[in-house]
Amino acid sequence: QRDPRVFRISCTLNEEIDPDTLNEALRSTAQEWPQFQVTLHRGLFWHYFESTDQLPTAQPETKAPCAPLYTPERRNKLIYRVTYFGARINLEMFHAITDGNGGLLYLKSIVRNYLALRHPGEMENVPSPNSASAGDMAQDSFRNFYEGTKRKKSAKKPKVYRPHGFLPYSQLQFFEGHLSSKQVLERSHALGVSMTSYLGASFMLAIYHDMPALERKKPICISLPVNLRNYYPSETARNFFNSVCIAHTLTPDTLTDADTLETVAPVFDAKLKEVLKPENIRAQMDAYEKLEHIPGIRPVPLVIKNAAVKFFTKLEDRHVSAVVSNMGRVSIPEGMKPYIHDFAAFSSCKTLFTVVCSYGDDLVLGTASALRSTAILQRLYREFAKDGLDVTLYATEVER
C-alpha cells in the first residue's frame with residue numbers, strides 16, 4: 001500500500017487552470033496516445049493490457065500525490081489520472097504502462113494542446129512532442145535490443161544500510177526542493193564531478209549522519225534509474241530503463257578523519273562513470289531481459305510469478321538505501337516557454353525516492369519519504385545552504 005508503483009509529473013503554468021479547457025485538451029491528447037488508453041487485467045499466466053474507449057477526465061486534486069491506481073475498486077479503469085490545482089496540471093501513471101520519459105512526453109502533449117486551446121494562434125507553429133510513429137512508440141525495446149550478451153560475474157552485493165522508522169498508516173510525505181541549476185552546476189564543476197554525482201554524494205552524506213553509530217560500518221547504496229534510450233536508438237513510450245547502484249562505506253566521523261563532500265563526490269563520480277559505460281549498461285540490460293527468454297517461464301501460473309517477484313524484490317530492496325532519479329533538463333518548444341513556470345516529479349517508494357528535473361534555472365528535487373524522521377532531508381538542505389546554494393523547500397503534512 002505504501003508503494004503502489006505510481007509516479008507523478010507536474011507542470012505549473014503562469015495562469016490558473018481552466019477545467020473545461022483542460023478536459024477538452026486531455027480528450028484530444030488521449031486520441032494521439034492510444035497506447036495509454038488501456039486497462040490492466042490478470043490472466044492465468046500473465047497480466048495483460050486491453051484497449052478501452054474510456055475517455056480520461058481531469059479532476060480537481062483531492063488525493064495525496066501518487067495515490068494507488070491499480071486497485072480492486074478501480075478495476076477496468078484507466079491506469080493513469082490527470083488532476084489540477086491552481087495553475088498546476090498533474091499526471092499520475094501506474095508504472096506498468098510507461099516510465100518517467102514516456103510520462104513526461106504525454107504531459108507535454110497535454111500542456112501543448114491545452115495552451116493551443118487557451119491561446120488560439122499562439123501554438124500554430126509549436127510541434128507536438130509526440131513525433132514518433134505509432135509502431136516506434138509501442139515498441140518493446142527490451143526485447144528488440146536483446147543480444148544475449150553474457151554479463152561478467154559480479155561480486156556478491158553487500159547488505160547495505162536502510163533507513164528505518166516509518167510513518168504510520170502506510171503514509172508518504174512529499175518534499176519539493178527548488179535550487180538554482182546554475183549554482184549546482186558551478187558547485188559540481190568546482191568538485192570536478194557531474195550534477196548527478198554531486199546530488200548522489202550529498203544524499204549519501206546526509207544518510208550517513210543519520211545512521212546509528214553501530215551501523216556506520218555498513219555501506220550506503222544510492223540507486224539511480226538509467227534511461228536506456230540514451231544507449232539504444234529507441235523512441236518507445238513503454239518502459240525502457242534499468243537501475244545502477246553506487247555503494248560506498250564512509251569513513252567513521254572522527255575529529256581527525258571524516259568524510260566530506262570533497263572526498264565522497266569524486267569517489268561517487270568515478271564509480272558512476274564505470275557502471276554507465278555502454279558495455280556495462282548493455283550487459284546489465286541483457287541480464288534482466290534474459291529472464292524473459294528462459295524456456296518454461298511463460299506457462300508458469302501468474303500466482304507463482306507474483307510470489308517470486310515479491311520475494312526477489314524484497315531481496316533486492318536490501319541492497320538499496322535510497323533512490324535518486326535524474327530526469328535531466330526538461331526541453332519544450334520556444335512557443336510554450338512564456339506560459340510555463342516549472343516542472344516537478346515524484347515517485348511512490350518504500351523508503352526515500354527523489355526525482356530530479358530542471359527547467360530553465362529551476363532545479364527541482366521531488367522527494368517521497370516513508371520515514372517518520374525528516375532528519376536526512378533537513379541535513380541535506382542545510383548542507384546545500386551551507387554550500388552557498390539558494391534553497392526553497394515545500395512539504396506536505398502527515399497524520400502523526
# chains A, B, ... in the order shown; residues from 1 in each chain; ligands from 1
call {"tool": "residues_around", "arguments": {"residues": "A:Leu393", "least_positions_apart": "2", "cutoff": "12 Å", "atoms": "only C-alpha atoms", "output": "list of chain:residue names"}}
result
A:Phe174, A:Phe175, A:Glu176, A:Gly177, A:His178, A:Leu179, A:Leu363, A:Val364, A:Leu365, A:Gly366, A:Thr367, A:Leu377, A:Gln378, A:Leu380, A:Tyr381, A:Arg382, A:Phe384, A:Ala385, A:Asp390, A:Val391, A:Ala395, A:Thr396
call {"tool": "write_last_selection", "arguments": {"atoms": "N, CA, C and O atoms", "output": "PDB file, in the first residue's frame"}}
result
ATOM      1  N   PHE A 174       5.856  14.180   1.180  1.00  0.00           N
ATOM      2  CA  PHE A 174       6.460  14.669  -0.060  1.00  0.00           C
ATOM      3  C   PHE A 174       7.127  16.020   0.169  1.00  0.00           C
ATOM      4  O   PHE A 174       6.559  16.910   0.802  1.00  0.00           O
ATOM      5  N   PHE A 175       8.343  16.141  -0.357  1.00  0.00           N
ATOM      6  CA  PHE A 175       9.143  17.361  -0.232  1.00  0.00           C
ATOM      7  C   PHE A 175       9.525  17.835  -1.633  1.00  0.00           C
ATOM      8  O   PHE A 175       9.997  17.044  -2.452  1.00  0.00           O
ATOM      9  N   GLU A 176       9.345  19.113  -1.894  1.00  0.00           N
ATOM     10  CA  GLU A 176       9.714  19.692  -3.182  1.00  0.00           C
ATOM     11  C   GLU A 176      10.733  20.785  -2.941  1.00  0.00           C
ATOM     12  O   GLU A 176      10.413  21.863  -2.430  1.00  0.00           O
ATOM     13  N   GLY A 177      11.980  20.483  -3.275  1.00  0.00           N
ATOM     14  CA  GLY A 177      13.069  21.430  -3.075  1.00  0.00           C
ATOM     15  C   GLY A 177      13.445  22.122  -4.375  1.00  0.00           C
ATOM     16  O   GLY A 177      13.581  21.463  -5.413  1.00  0.00           O
ATOM     17  N   HIS A 178      13.590  23.435  -4.344  1.00  0.00           N
ATOM     18  CA  HIS A 178      13.963  24.209  -5.533  1.00  0.00           C
ATOM     19  C   HIS A 178      15.353  24.813  -5.329  1.00  0.00           C
ATOM     20  O   HIS A 178      15.602  25.517  -4.337  1.00  0.00           O
ATOM     21  N   LEU A 179      16.254  24.510  -6.262  1.00  0.00           N
ATOM     22  CA  LEU A 179      17.609  25.046  -6.251  1.00  0.00           C
ATOM     23  C   LEU A 179      17.863  25.751  -7.578  1.00  0.00           C
ATOM     24  O   LEU A 179      17.076  25.641  -8.519  1.00  0.00           O
ATOM     25  N   LEU A 363      16.007  24.010 -10.608  1.00  0.00           N
ATOM     26  CA  LEU A 363      16.297  22.590 -10.396  1.00  0.00           C
ATOM     27  C   LEU A 363      15.406  22.102  -9.258  1.00  0.00           C
ATOM     28  O   LEU A 363      15.477  22.618  -8.144  1.00  0.00           O
ATOM     29  N   VAL A 364      14.553  21.114  -9.545  1.00  0.00           N
ATOM     30  CA  VAL A 364      13.560  20.656  -8.572  1.00  0.00           C
ATOM     31  C   VAL A 364      13.892  19.244  -8.116  1.00  0.00           C
ATOM     32  O   VAL A 364      14.092  18.347  -8.931  1.00  0.00           O
ATOM     33  N   LEU A 365      13.936  19.056  -6.795  1.00  0.00           N
ATOM     34  CA  LEU A 365      14.123  17.749  -6.192  1.00  0.00           C
ATOM     35  C   LEU A 365      12.809  17.339  -5.545  1.00  0.00           C
ATOM     36  O   LEU A 365      12.386  17.923  -4.541  1.00  0.00           O
ATOM     37  N   GLY A 366      12.127  16.369  -6.143  1.00  0.00           N
ATOM     38  CA  GLY A 366      10.866  15.882  -5.592  1.00  0.00           C
ATOM     39  C   GLY A 366      11.100  14.602  -4.829  1.00  0.00           C
ATOM     40  O   GLY A 366      11.365  13.556  -5.426  1.00  0.00           O
ATOM     41  N   THR A 367      11.021  14.664  -3.500  1.00  0.00           N
ATOM     42  CA  THR A 367      11.326  13.507  -2.656  1.00  0.00           C
ATOM     43  C   THR A 367      10.068  12.950  -2.012  1.00  0.00           C
ATOM     44  O   THR A 367       9.306  13.693  -1.379  1.00  0.00           O
ATOM     45  N   LEU A 377      16.591  14.714   5.287  1.00  0.00           N
ATOM     46  CA  LEU A 377      16.322  15.820   4.365  1.00  0.00           C
ATOM     47  C   LEU A 377      16.656  17.175   4.982  1.00  0.00           C
ATOM     48  O   LEU A 377      17.101  18.086   4.289  1.00  0.00           O
ATOM     49  N   GLN A 378      16.463  17.298   6.291  1.00  0.00           N
ATOM     50  CA  GLN A 378      16.872  18.541   6.958  1.00  0.00           C
ATOM     51  C   GLN A 378      18.366  18.764   6.769  1.00  0.00           C
ATOM     52  O   GLN A 378      18.815  19.869   6.418  1.00  0.00           O
ATOM     53  N   LEU A 380      20.317  17.408   4.468  1.00  0.00           N
ATOM     54  CA  LEU A 380      20.623  17.598   3.056  1.00  0.00           C
ATOM     55  C   LEU A 380      20.484  19.064   2.661  1.00  0.00           C
ATOM     56  O   LEU A 380      21.402  19.659   2.076  1.00  0.00           O
ATOM     57  N   TYR A 381      19.345  19.667   3.000  1.00  0.00           N
ATOM     58  CA  TYR A 381      19.096  21.044   2.564  1.00  0.00           C
ATOM     59  C   TYR A 381      19.904  22.065   3.378  1.00  0.00           C
ATOM     60  O   TYR A 381      20.270  23.121   2.852  1.00  0.00           O
ATOM     61  N   ARG A 382      20.197  21.752   4.628  1.00  0.00           N
ATOM     62  CA  ARG A 382      21.071  22.647   5.400  1.00  0.00           C
ATOM     63  C   ARG A 382      22.472  22.664   4.804  1.00  0.00           C
ATOM     64  O   ARG A 382      23.123  23.726   4.742  1.00  0.00           O
ATOM     65  N   PHE A 384      23.168  22.043   1.644  1.00  0.00           N
ATOM     66  CA  PHE A 384      23.069  22.811   0.401  1.00  0.00           C
ATOM     67  C   PHE A 384      23.205  24.306   0.696  1.00  0.00           C
ATOM     68  O   PHE A 384      23.912  25.036  -0.006  1.00  0.00           O
ATOM     69  N   ALA A 385      22.496  24.763   1.736  1.00  0.00           N
ATOM     70  CA  ALA A 385      22.548  26.189   2.094  1.00  0.00           C
ATOM     71  C   ALA A 385      23.960  26.592   2.526  1.00  0.00           C
ATOM     72  O   ALA A 385      24.457  27.661   2.146  1.00  0.00           O
ATOM     73  N   ASP A 390      21.032  28.685  -2.995  1.00  0.00           N
ATOM     74  CA  ASP A 390      19.735  29.238  -2.600  1.00  0.00           C
ATOM     75  C   ASP A 390      18.721  28.100  -2.569  1.00  0.00           C
ATOM     76  O   ASP A 390      18.592  27.348  -3.538  1.00  0.00           O
ATOM     77  N   VAL A 391      17.986  27.970  -1.462  1.00  0.00           N
ATOM     78  CA  VAL A 391      17.084  26.832  -1.260  1.00  0.00           C
ATOM     79  C   VAL A 391      15.675  27.316  -0.951  1.00  0.00           C
ATOM     80  O   VAL A 391      15.473  28.201  -0.119  1.00  0.00           O
ATOM     81  N   ALA A 395       6.720  21.164   1.757  1.00  0.00           N
ATOM     82  CA  ALA A 395       6.476  19.812   2.265  1.00  0.00           C
ATOM     83  C   ALA A 395       5.004  19.607   2.554  1.00  0.00           C
ATOM     84  O   ALA A 395       4.297  20.568   2.911  1.00  0.00           O
ATOM     85  N   THR A 396       4.538  18.364   2.389  1.00  0.00           N
ATOM     86  CA  THR A 396       3.171  18.028   2.773  1.00  0.00           C
ATOM     87  C   THR A 396       3.122  17.693   4.255  1.00  0.00           C
ATOM     88  O   THR A 396       4.151  17.397   4.866  1.00  0.00           O
TER      89      THR A 396
END
call {"tool": "select_by_dssp", "arguments": {"residues": "stretch 107-324 of chain A", "states": "helix (DSSP H, G or I)", "output": "PyMOL selection string"}}
result
chain A and resi 107-118+134-137+141-144+168-170+181-191+195-208+213-215+228-230+261-275+278-293+302-317
call {"tool": "closest_residue", "arguments": {"among": "A:Leu272, A:Leu13, A:Val244, A:Ala58", "to": "A:Ala30", "atoms": "only C-alpha atoms"}}
result
A:Ala58
call {"tool": "residues_around", "arguments": {"residues": "A:Val6", "least_positions_apart": "5", "cutoff": "9 Å", "atoms": "only C-alpha atoms", "output": "list in words"}}
result
Pro65, Cys66, Ala67, Pro68, Leu69, Tyr80, Glu92, Met93, Phe94, His95, Ala96, Phe346, Ser347, Ser348 and Cys349 of chain A
call {"tool": "write_last_selection", "arguments": {"atoms": "all heavy atoms", "output": "tab-separated table (two decimals), in the first residue's frame"}}
result
chain	number	residue	atom	x	y	z
A	65	PRO	N	-0.35	12.89	-3.36
A	65	PRO	CA	0.38	12.52	-4.57
A	65	PRO	C	0.64	11.02	-4.64
A	65	PRO	O	0.82	10.35	-3.61
A	65	PRO	CB	1.70	13.29	-4.43
A	65	PRO	CG	1.37	14.46	-3.57
A	65	PRO	CD	0.34	13.95	-2.61
A	66	CYS	N	0.65	10.48	-5.86
A	66	CYS	CA	0.98	9.08	-6.12
A	66	CYS	C	0.03	8.10	-5.44
A	66	CYS	O	0.44	7.01	-5.01
A	66	CYS	CB	2.43	8.78	-5.72
A	66	CYS	SG	3.65	9.82	-6.53
A	67	ALA	N	-1.25	8.47	-5.33
A	67	ALA	CA	-2.25	7.55	-4.76
A	67	ALA	C	-2.41	6.35	-5.69
A	67	ALA	O	-2.18	6.44	-6.90
A	67	ALA	CB	-3.59	8.28	-4.59
A	68	PRO	N	-2.80	5.18	-5.15
A	68	PRO	CA	-2.91	3.95	-5.95
A	68	PRO	C	-3.80	4.11	-7.17
A	68	PRO	O	-4.82	4.81	-7.14
A	68	PRO	CB	-3.49	2.93	-4.96
A	68	PRO	CG	-3.08	3.43	-3.62
A	68	PRO	CD	-3.10	4.93	-3.72
A	69	LEU	N	-3.43	3.43	-8.24
A	69	LEU	CA	-4.19	3.46	-9.49
A	69	LEU	C	-4.69	2.08	-9.90
A	69	LEU	O	-5.67	1.96	-10.62
A	69	LEU	CB	-3.32	4.02	-10.62
A	69	LEU	CG	-3.22	5.55	-10.70
A	69	LEU	CD1	-2.04	5.96	-11.56
A	69	LEU	CD2	-4.50	6.14	-11.28
A	80	TYR	N	-4.06	5.66	-15.37
A	80	TYR	CA	-3.41	6.95	-15.13
A	80	TYR	C	-4.52	7.95	-14.78
A	80	TYR	O	-5.70	7.71	-15.04
A	80	TYR	CB	-2.59	7.42	-16.34
A	80	TYR	CG	-3.38	7.90	-17.53
A	80	TYR	CD1	-3.79	9.23	-17.64
A	80	TYR	CD2	-3.70	7.03	-18.58
A	80	TYR	CE1	-4.49	9.68	-18.74
A	80	TYR	CE2	-4.40	7.47	-19.69
A	80	TYR	CZ	-4.80	8.80	-19.76
A	80	TYR	OH	-5.51	9.24	-20.85
A	92	GLU	N	-0.46	11.42	-13.21
A	92	GLU	CA	0.00	10.29	-12.40
A	92	GLU	C	-0.25	9.01	-13.18
A	92	GLU	O	-1.35	8.81	-13.73
A	92	GLU	CB	-0.72	10.26	-11.06
A	92	GLU	CG	-0.40	11.47	-10.21
A	92	GLU	CD	-1.00	11.42	-8.82
A	92	GLU	OE1	-2.07	10.81	-8.65
A	92	GLU	OE2	-0.39	11.99	-7.89
A	93	MET	N	0.76	8.14	-13.23
A	93	MET	CA	0.67	6.93	-14.05
A	93	MET	C	1.14	5.71	-13.27
A	93	MET	O	2.08	5.79	-12.47
A	93	MET	CB	1.52	7.08	-15.32
A	93	MET	CG	1.25	8.35	-16.12
A	93	MET	SD	2.00	8.38	-17.76
A	93	MET	CE	0.72	7.60	-18.73
A	94	PHE	N	0.46	4.59	-13.51
A	94	PHE	CA	0.90	3.32	-12.97
A	94	PHE	C	2.12	2.89	-13.80
A	94	PHE	O	2.10	2.91	-15.03
A	94	PHE	CB	-0.23	2.29	-13.09
A	94	PHE	CG	0.07	0.97	-12.44
A	94	PHE	CD1	0.58	0.92	-11.16
A	94	PHE	CD2	-0.19	-0.21	-13.11
A	94	PHE	CE1	0.83	-0.30	-10.55
A	94	PHE	CE2	0.07	-1.44	-12.51
A	94	PHE	CZ	0.58	-1.48	-11.23
A	95	HIS	N	3.19	2.49	-13.11
A	95	HIS	CA	4.48	2.29	-13.78
A	95	HIS	C	4.46	1.16	-14.81
A	95	HIS	O	5.41	1.01	-15.58
A	95	HIS	CB	5.57	2.01	-12.74
A	95	HIS	CG	6.83	2.77	-12.97
A	95	HIS	ND1	7.41	2.91	-14.23
A	95	HIS	CD2	7.64	3.45	-12.14
A	95	HIS	CE1	8.52	3.63	-14.13
A	95	HIS	NE2	8.68	3.98	-12.88
A	96	ALA	N	3.40	0.35	-14.84
A	96	ALA	CA	3.35	-0.75	-15.81
A	96	ALA	C	3.26	-0.25	-17.24
A	96	ALA	O	3.74	-0.92	-18.16
A	96	ALA	CB	2.16	-1.66	-15.50
A	346	PHE	N	7.50	13.16	-8.77
A	346	PHE	CA	7.61	12.31	-7.58
A	346	PHE	C	7.38	10.86	-7.98
A	346	PHE	O	6.77	10.58	-9.02
A	346	PHE	CB	6.55	12.67	-6.53
A	346	PHE	CG	6.66	14.05	-5.95
A	346	PHE	CD1	5.85	15.07	-6.41
A	346	PHE	CD2	7.57	14.31	-4.95
A	346	PHE	CE1	5.94	16.35	-5.88
A	346	PHE	CE2	7.67	15.58	-4.41
A	346	PHE	CZ	6.86	16.60	-4.87
A	347	SER	N	7.83	9.94	-7.14
A	347	SER	CA	7.51	8.53	-7.32
A	347	SER	C	7.24	7.92	-5.95
A	347	SER	O	7.92	8.24	-4.97
A	347	SER	CB	8.68	7.79	-7.99
A	347	SER	OG	8.38	6.41	-8.11
A	348	SER	N	6.23	7.04	-5.88
A	348	SER	CA	5.97	6.34	-4.62
A	348	SER	C	7.17	5.46	-4.28
A	348	SER	O	7.97	5.11	-5.16
A	348	SER	CB	4.70	5.49	-4.74
A	348	SER	OG	4.87	4.51	-5.75
A	349	CYS	N	7.32	5.11	-3.01
A	349	CYS	CA	8.52	4.37	-2.61
A	349	CYS	C	8.29	3.68	-1.27
A	349	CYS	O	7.27	3.86	-0.61
A	349	CYS	CB	9.71	5.31	-2.50
A	349	CYS	SG	9.56	6.50	-1.14
call {"tool": "closest_atom_pairs", "arguments": {"of": "stretch 267-370 of chain A", "to": "stretch 195-216 of chain A", "cutoff": "10 Å", "atoms": "only C-alpha atoms", "output": "JSON lines"}}
result
{"residue": "A:Val267", "atom": "CA", "partner": "A:Ala201", "partner_atom": "CA", "distance": 8.7}
{"residue": "A:Phe268", "atom": "CA", "partner": "A:Ser197", "partner_atom": "CA", "distance": 5.9}
{"residue": "A:Asp269", "atom": "CA", "partner": "A:Ser197", "partner_atom": "CA", "distance": 5.1}
{"residue": "A:Ala270", "atom": "CA", "partner": "A:Ser197", "partner_atom": "CA", "distance": 8.9}
{"residue": "A:Lys271", "atom": "CA", "partner": "A:Ser197", "partner_atom": "CA", "distance": 9.4}
{"residue": "A:Leu272", "atom": "CA", "partner": "A:Ser197", "partner_atom": "CA", "distance": 7.5}
{"residue": "A:Lys273", "atom": "CA", "partner": "A:Ser197", "partner_atom": "CA", "distance": 9.5}
{"residue": "A:Ser321", "atom": "CA", "partner": "A:Ile207", "partner_atom": "CA", "distance": 8.4}
{"residue": "A:Ala322", "atom": "CA", "partner": "A:Phe203", "partner_atom": "CA", "distance": 8.3}
{"residue": "A:Val323", "atom": "CA", "partner": "A:Gly200", "partner_atom": "CA", "distance": 8.9}
{"residue": "A:Val324", "atom": "CA", "partner": "A:Gly200", "partner_atom": "CA", "distance": 6.8}
{"residue": "A:Ser325", "atom": "CA", "partner": "A:Thr196", "partner_atom": "CA", "distance": 8.7}
{"residue": "A:Asn326", "atom": "CA", "partner": "A:Thr196", "partner_atom": "CA", "distance": 6.8}
{"residue": "A:Gly328", "atom": "CA", "partner": "A:Thr196", "partner_atom": "CA", "distance": 9.2}
{"residue": "A:Thr354", "atom": "CA", "partner": "A:Phe203", "partner_atom": "CA", "distance": 9.7}
{"residue": "A:Val356", "atom": "CA", "partner": "A:Thr196", "partner_atom": "CA", "distance": 9.0}
{"residue": "A:Leu365", "atom": "CA", "partner": "A:Leu199", "partner_atom": "CA", "distance": 9.7}
call {"tool": "write_last_selection", "arguments": {"atoms": "N, CA, C and O atoms", "output": "PDB file, in the first residue's frame"}}
result
ATOM      1  N   VAL A 267      34.646  10.015  -5.462  1.00  0.00           N
ATOM      2  CA  VAL A 267      34.511   8.550  -5.424  1.00  0.00           C
ATOM      3  C   VAL A 267      33.196   8.134  -6.077  1.00  0.00           C
ATOM      4  O   VAL A 267      33.147   7.194  -6.880  1.00  0.00           O
ATOM      5  N   PHE A 268      32.121   8.833  -5.716  1.00  0.00           N
ATOM      6  CA  PHE A 268      30.809   8.551  -6.295  1.00  0.00           C
ATOM      7  C   PHE A 268      30.866   8.722  -7.812  1.00  0.00           C
ATOM      8  O   PHE A 268      30.361   7.879  -8.571  1.00  0.00           O
ATOM      9  N   ASP A 269      31.495   9.801  -8.266  1.00  0.00           N
ATOM     10  CA  ASP A 269      31.558  10.113  -9.692  1.00  0.00           C
ATOM     11  C   ASP A 269      32.335   9.045 -10.460  1.00  0.00           C
ATOM     12  O   ASP A 269      31.918   8.626 -11.549  1.00  0.00           O
ATOM     13  N   ALA A 270      33.451   8.587  -9.897  1.00  0.00           N
ATOM     14  CA  ALA A 270      34.268   7.566 -10.568  1.00  0.00           C
ATOM     15  C   ALA A 270      33.498   6.252 -10.691  1.00  0.00           C
ATOM     16  O   ALA A 270      33.531   5.594 -11.744  1.00  0.00           O
ATOM     17  N   LYS A 271      32.801   5.868  -9.623  1.00  0.00           N
ATOM     18  CA  LYS A 271      32.016   4.631  -9.670  1.00  0.00           C
ATOM     19  C   LYS A 271      30.860   4.748 -10.653  1.00  0.00           C
ATOM     20  O   LYS A 271      30.540   3.784 -11.368  1.00  0.00           O
ATOM     21  N   LEU A 272      30.243   5.928 -10.702  1.00  0.00           N
ATOM     22  CA  LEU A 272      29.120   6.128 -11.613  1.00  0.00           C
ATOM     23  C   LEU A 272      29.583   6.053 -13.067  1.00  0.00           C
ATOM     24  O   LEU A 272      28.917   5.427 -13.908  1.00  0.00           O
ATOM     25  N   LYS A 273      30.710   6.666 -13.382  1.00  0.00           N
ATOM     26  CA  LYS A 273      31.231   6.615 -14.747  1.00  0.00           C
ATOM     27  C   LYS A 273      31.520   5.183 -15.176  1.00  0.00           C
ATOM     28  O   LYS A 273      31.297   4.811 -16.340  1.00  0.00           O
ATOM     29  N   SER A 321      19.749   1.900  -0.273  1.00  0.00           N
ATOM     30  CA  SER A 321      19.466   2.824   0.831  1.00  0.00           C
ATOM     31  C   SER A 321      18.465   3.896   0.416  1.00  0.00           C
ATOM     32  O   SER A 321      17.590   4.282   1.193  1.00  0.00           O
ATOM     33  N   ALA A 322      18.607   4.409  -0.807  1.00  0.00           N
ATOM     34  CA  ALA A 322      17.727   5.464  -1.325  1.00  0.00           C
ATOM     35  C   ALA A 322      17.853   5.494  -2.841  1.00  0.00           C
ATOM     36  O   ALA A 322      18.809   4.945  -3.411  1.00  0.00           O
ATOM     37  N   VAL A 323      16.886   6.133  -3.492  1.00  0.00           N
ATOM     38  CA  VAL A 323      16.892   6.233  -4.952  1.00  0.00           C
ATOM     39  C   VAL A 323      16.962   7.705  -5.348  1.00  0.00           C
ATOM     40  O   VAL A 323      16.259   8.543  -4.781  1.00  0.00           O
ATOM     41  N   VAL A 324      17.833   8.005  -6.321  1.00  0.00           N
ATOM     42  CA  VAL A 324      17.911   9.344  -6.899  1.00  0.00           C
ATOM     43  C   VAL A 324      17.790   9.200  -8.405  1.00  0.00           C
ATOM     44  O   VAL A 324      18.665   8.630  -9.062  1.00  0.00           O
ATOM     45  N   SER A 325      16.683   9.674  -8.966  1.00  0.00           N
ATOM     46  CA  SER A 325      16.423   9.558 -10.398  1.00  0.00           C
ATOM     47  C   SER A 325      16.524  10.931 -11.045  1.00  0.00           C
ATOM     48  O   SER A 325      15.710  11.812 -10.772  1.00  0.00           O
ATOM     49  N   ASN A 326      17.521  11.114 -11.891  1.00  0.00           N
ATOM     50  CA  ASN A 326      17.727  12.415 -12.555  1.00  0.00           C
ATOM     51  C   ASN A 326      17.125  12.363 -13.953  1.00  0.00           C
ATOM     52  O   ASN A 326      17.672  11.744 -14.865  1.00  0.00           O
ATOM     53  N   GLY A 328      16.861  14.906 -15.824  1.00  0.00           N
ATOM     54  CA  GLY A 328      17.586  15.863 -16.646  1.00  0.00           C
ATOM     55  C   GLY A 328      16.788  17.127 -16.925  1.00  0.00           C
ATOM     56  O   GLY A 328      15.794  17.432 -16.272  1.00  0.00           O
ATOM     57  N   THR A 354      13.935  10.217  -4.670  1.00  0.00           N
ATOM     58  CA  THR A 354      13.999  11.600  -5.135  1.00  0.00           C
ATOM     59  C   THR A 354      14.088  11.642  -6.653  1.00  0.00           C
ATOM     60  O   THR A 354      14.939  10.974  -7.255  1.00  0.00           O
ATOM     61  N   VAL A 356      14.746  14.160  -9.798  1.00  0.00           N
ATOM     62  CA  VAL A 356      15.370  15.450 -10.093  1.00  0.00           C
ATOM     63  C   VAL A 356      15.028  15.846 -11.530  1.00  0.00           C
ATOM     64  O   VAL A 356      15.147  15.040 -12.447  1.00  0.00           O
ATOM     65  N   LEU A 365      13.936  19.056  -6.795  1.00  0.00           N
ATOM     66  CA  LEU A 365      14.123  17.749  -6.192  1.00  0.00           C
ATOM     67  C   LEU A 365      12.809  17.339  -5.545  1.00  0.00           C
ATOM     68  O   LEU A 365      12.386  17.923  -4.541  1.00  0.00           O
TER      69      LEU A 365
END
call {"tool": "closest_residue", "arguments": {"among": "A:Cys245, A:Leu352, A:Leu40, A:Ile89", "to": "A:Ile17", "atoms": "only C-alpha atoms"}}
result
A:Ile89
call {"tool": "residues_around", "arguments": {"residues": "stretch 115-131 of chain A", "least_positions_apart": "4", "cutoff": "9 Å", "atoms": "only C-alpha atoms", "output": "ChimeraX atom specification"}}
result
/A:18,21-22,24-25,32-33,105-106,108-111,137,332-336,339
call {"tool": "select_by_dssp", "arguments": {"residues": "stretch 200-391 of chain A", "states": "strand (DSSP E or B)", "output": "PyMOL selection string"}}
result
chain A and resi 220-227+241-248+322-329+340-347+352-359+362-369+371
call {"tool": "closest_residue", "arguments": {"among": "A:Ile340, A:Val320, A:Val160, A:Leu228", "to": "A:Thr249", "atoms": "only C-alpha atoms"}}
result
A:Val160
call {"tool": "residues_around", "arguments": {"residues": "A:Lys159", "least_positions_apart": "2", "cutoff": "10 Å", "atoms": "only C-alpha atoms", "output": "ChimeraX atom specification"}}
result
/A:156-157,161-162,218-221,315-321
call {"tool": "residues_around", "arguments": {"residues": "A:Thr83", "least_positions_apart": "4", "cutoff": "8 Å", "atoms": "only C-alpha atoms", "output": "PyMOL selection string"}}
result
chain A and resi 58-61+89-91
call {"tool": "write_last_selection", "arguments": {"atoms": "C-alpha atoms", "output": "compact mmCIF listing (two decimals), in the first residue's frame"}}
result
# COMPACT_ATOMS: atom_id res chain seq x y z
CA ALA A 58 -9.28 15.71 -15.36
CA GLN A 59 -10.45 16.17 -11.78
CA PRO A 60 -9.56 18.68 -9.03
CA GLU A 61 -6.67 17.39 -6.95
CA ILE A 89 -1.51 20.10 -14.00
CA ASN A 90 -0.61 16.70 -12.53
CA LEU A 91 -0.20 13.48 -14.49
